[in-house]
There are 2 protein chains.
Amino acid sequence: MTAPPLLDAIKARYSCREFLPDRPVTQPELARVLEAGRLAPSAFGLEPWRFIVVAKARADAVARACFDQPAVTTAATLVAVVALVGELAPDSAYVRARFEAEKPDGDLTSIYAAYRDHYRAETIGAWAAGQCNFAAAQMLLQAAYLGLGSCPVGGFDADALAEALALPPGETPVLVVALGHCAHPAPPRRRKPAG
Amino acid sequence: MTAPPLLDAIKARYSCREFLPDRPVTQPELARVLEAGRLAPSAFGLEPWRFIVVAKARADAVARACFDQPAVTTAATLVAVVALVGELAPDSAYVRARFEAEKPDGDLTSIYAAYRDHYRAETIGAWAAGQCNFAAAQMLLQAAYLGLGSCPVGGFDADALAEALALPPGETPVLVVALGHCAHPAPPRRRKPAG
């Protein structure tokens with residue numbers, strides 16, 4: 001197989017509203033999608049995310065929390081992207097571990113100073129959710145690249161979804177990435193014109 | 001040229017801290033990077049972003065607003081990603097135009113109802129900034145795909161950067177994407193382990 005140019009994958013990606021039954025996402029495909037998310041960039045190298053492959057036993061509760069949208073009820077696989085909001089206080093062990101990984105031989109003074117300013121200035125939950133979009137964008141493109149359909153689902157009851165996913169305190173759901181083989185062709189693409 | 005697999009581009013992307021002098025980004029390359037951003041997904045189809053290719057005459061002021069980070073001072077081309085925060089009130093002409101584009105034949109009642117709830121619940125500036133990360137992620141991957149180096153720069157004095165970019169009220173800077181040919185190899189990749 002010759003790999004398609006990236007812009008082809010970008011153009012092939014669209015929000016699939018309904019997936020075909022009996023067309024699973026294979027384990028190697030899912031592994032690639034998750035790896036694409038894992039390697040995404042993040043501010044301060046904090047990777048403030050966790051990806052949860054939704055277990056079959058939880059899928060119905062997740063779908064209900066997403067108001068039973070067909071993209072969710074028909075998806076072959078659901079990956080929840082959650083923000084690790086509770087880990088992001090500047091004095092947390094999580095932040096220290098990420099900064100030490102980011103600057104293994106370095107002085108952490110300046111990154112801590114910058115991050116403390118940032119933490120004070122930002123609405124940290126919304127900011128962490130925004131960082132998760134870097135990972136989600138890479139996952140969606142990887143799915144398109146593999147010929148899979150996808151839908152980033154942001155419409156859900158956050159409390160119900162947190163419960164369905166059994167999230168610990170401090171983790172908040174950002175997106176449910178629905179994956180599968182799409183049951184409908186791409187709708188016409190609507191975008192603002194270029195610059 | 002055989003196109004590299006997407007995961008290769010994902011792995012080739014790293015934050016370049018200094019770019020080579022006299023190695024410009026070509027117009028076709030820049031056009032592809034901007035197109036990759038333009039085609040990004042966004043919640044409610046709002047595309048709450050604008051991309052500004054920084055003019056030579058403004059580059060010094062932009063660099064100063066970014067604390068003269070070498071990634072910015074040495075970049076061949078700078079693209080500022082700004083969030084259109086001021087356009088996002090549910091009764092705005094901008095929102096109406098995007099919803100009508102999204103649902104050209106449809107009833108807008110349900111999307112408006114969902115968006116009004118969303119607008120009430122969210123810190124809308126931080127949310128819009130987070131949406132811009134979908135566009136930025138696609139630009140960074142497109143740059144890597146073309147063999148360009150890049151750095152998403154989020155460390156800046158927001159007021160100074162807004163002034164340097166002559167942003168109108170209601171637009172806020174999210175990231176400066178520095179582009180060029182990188183002067184150093186990729187540093188070791190540090191990421192949390194999979195799963």
# chains A, B, ... in the order shown; residues from 1 in each chain; ligands from 1
$ residues_around --residues "stretch 101-117 of chain A" --least-positions-apart "4" --cutoff "12 Å" --atoms "only C-alpha atoms" --output "ChimeraX atom specification"
/A:41-47,88-92,94-97,121-122,124 /B:15,67,154-157,187-193
$ closest_atom_pairs --of "chain A" --to "chain B" --cutoff "8 Å" --atoms "only C-alpha atoms" --output "JSON lines"
{"residue": "A:Thr2", "atom": "CA", "partner": "B:Ala3", "partner_atom": "CA", "distance": 7.6}
{"residue": "A:Ala3", "atom": "CA", "partner": "B:Pro5", "partner_atom": "CA", "distance": 5.6}
{"residue": "A:Pro4", "atom": "CA", "partner": "B:Ala3", "partner_atom": "CA", "distance": 6.4}
{"residue": "A:Pro5", "atom": "CA", "partner": "B:Ala3", "partner_atom": "CA", "distance": 5.6}
{"residue": "A:Leu6", "atom": "CA", "partner": "B:Gln142", "partner_atom": "CA", "distance": 6.8}
{"residue": "A:Leu7", "atom": "CA", "partner": "B:Ala36", "partner_atom": "CA", "distance": 6.7}
{"residue": "A:Ile10", "atom": "CA", "partner": "B:Ala36", "partner_atom": "CA", "distance": 6.9}
{"residue": "A:Lys11", "atom": "CA", "partner": "B:Leu39", "partner_atom": "CA", "distance": 7.2}
{"residue": "A:Tyr14", "atom": "CA", "partner": "B:Pro41", "partner_atom": "CA", "distance": 7.9}
{"residue": "A:Arg32", "atom": "CA", "partner": "B:Leu7", "partner_atom": "CA", "distance": 8.0}
{"residue": "A:Glu35", "atom": "CA", "partner": "B:Ala194", "partner_atom": "CA", "distance": 7.3}
{"residue": "A:Ala36", "atom": "CA", "partner": "B:Leu7", "partner_atom": "CA", "distance": 6.7}
{"residue": "A:Arg38", "atom": "CA", "partner": "B:Ala194", "partner_atom": "CA", "distance": 6.9}
{"residue": "A:Leu39", "atom": "CA", "partner": "B:Arg191", "partner_atom": "CA", "distance": 6.9}
{"residue": "A:Ala40", "atom": "CA", "partner": "B:Ile10", "partner_atom": "CA", "distance": 7.6}
{"residue": "A:Pro41", "atom": "CA", "partner": "B:Tyr14", "partner_atom": "CA", "distance": 7.9}
{"residue": "A:Ala43", "atom": "CA", "partner": "B:Gly154", "partner_atom": "CA", "distance": 7.2}
{"residue": "A:Glu47", "atom": "CA", "partner": "B:Lys192", "partner_atom": "CA", "distance": 7.8}
{"residue": "A:Phe51", "atom": "CA", "partner": "B:Gly195", "partner_atom": "CA", "distance": 7.6}
{"residue": "A:Ala101", "atom": "CA", "partner": "B:Arg190", "partner_atom": "CA", "distance": 6.2}
{"residue": "A:Glu102", "atom": "CA", "partner": "B:Arg190", "partner_atom": "CA", "distance": 6.5}
{"residue": "A:Glu122", "atom": "CA", "partner": "B:Ala126", "partner_atom": "CA", "distance": 7.8}
{"residue": "A:Thr123", "atom": "CA", "partner": "B:Ala126", "partner_atom": "CA", "distance": 7.0}
{"residue": "A:Ala126", "atom": "CA", "partner": "B:Ala126", "partner_atom": "CA", "distance": 5.7}
{"residue": "A:Trp127", "atom": "CA", "partner": "B:Ala126", "partner_atom": "CA", "distance": 6.0}
{"residue": "A:Ala129", "atom": "CA", "partner": "B:Gly130", "partner_atom": "CA", "distance": 6.9}
{"residue": "A:Gly130", "atom": "CA", "partner": "B:Gly130", "partner_atom": "CA", "distance": 3.4}
{"residue": "A:Gln131", "atom": "CA", "partner": "B:Gly130", "partner_atom": "CA", "distance": 6.4}
{"residue": "A:Asn133", "atom": "CA", "partner": "B:Phe134", "partner_atom": "CA", "distance": 5.7}
{"residue": "A:Phe134", "atom": "CA", "partner": "B:Ala137", "partner_atom": "CA", "distance": 5.5}
{"residue": "A:Ala136", "atom": "CA", "partner": "B:Phe134", "partner_atom": "CA", "distance": 7.8}
{"residue": "A:Ala137", "atom": "CA", "partner": "B:Phe134", "partner_atom": "CA", "distance": 5.5}
{"residue": "A:Gln138", "atom": "CA", "partner": "B:Ala137", "partner_atom": "CA", "distance": 7.1}
{"residue": "A:Gln142", "atom": "CA", "partner": "B:Leu6", "partner_atom": "CA", "distance": 6.8}
{"residue": "A:Tyr145", "atom": "CA", "partner": "B:Leu6", "partner_atom": "CA", "distance": 7.1}
{"residue": "A:Gly154", "atom": "CA", "partner": "B:Ala43", "partner_atom": "CA", "distance": 7.2}
{"residue": "A:Arg190", "atom": "CA", "partner": "B:Ala101", "partner_atom": "CA", "distance": 6.2}
{"residue": "A:Arg191", "atom": "CA", "partner": "B:Leu39", "partner_atom": "CA", "distance": 6.9}
{"residue": "A:Lys192", "atom": "CA", "partner": "B:Arg38", "partner_atom": "CA", "distance": 7.7}
{"residue": "A:Ala194", "atom": "CA", "partner": "B:Arg38", "partner_atom": "CA", "distance": 6.9}
{"residue": "A:Gly195", "atom": "CA", "partner": "B:Phe51", "partner_atom": "CA", "distance": 7.4}
$ residues_around --residues "stretch 168-179 of chain B" --least-positions-apart "3" --cutoff "8 Å" --atoms "only C-alpha atoms" --output "PyMOL selection string"
chain B and resi 19+25+71-72+75-87+129+132+136+140+143+148-154+158+161-162
$ select_by_dssp --residues "stretch 30-130 of chain B" --states "helix (DSSP H, G or I)" --output "NGL selection string"
:B and (30-38 or 43-45 or 56-65 or 70-73 or 85-87 or 93-102 or 109-121 or 124-130)
$ atom_distance --atom1 "atom CA of B:Ala59" --atom2 "atom CA of B:Leu165"
9.1 Å
$ atom_distance --atom1 "atom CA of B:Cys66" --atom2 "atom CA of B:Arg17"
12.9 Å
$ select_by_dssp --residues "stretch 1-194 of chain A" --states "strand (DSSP E or B)" --output "VMD selection string"
chain A and resid 15 19 49 to 53 77 to 83 149 to 153 172 to 180 182
$ atom_distance --atom1 "atom CA of A:Glu29" --atom2 "atom CA of A:Asp68"
24.9 Å
$ residues_around --residues "B:Ala12" --least-positions-apart "4" --cutoff "8 Å" --atoms "only C-alpha atoms" --output "list in words"
Asp8, Ala144, Tyr145 and Ala186 of chain B
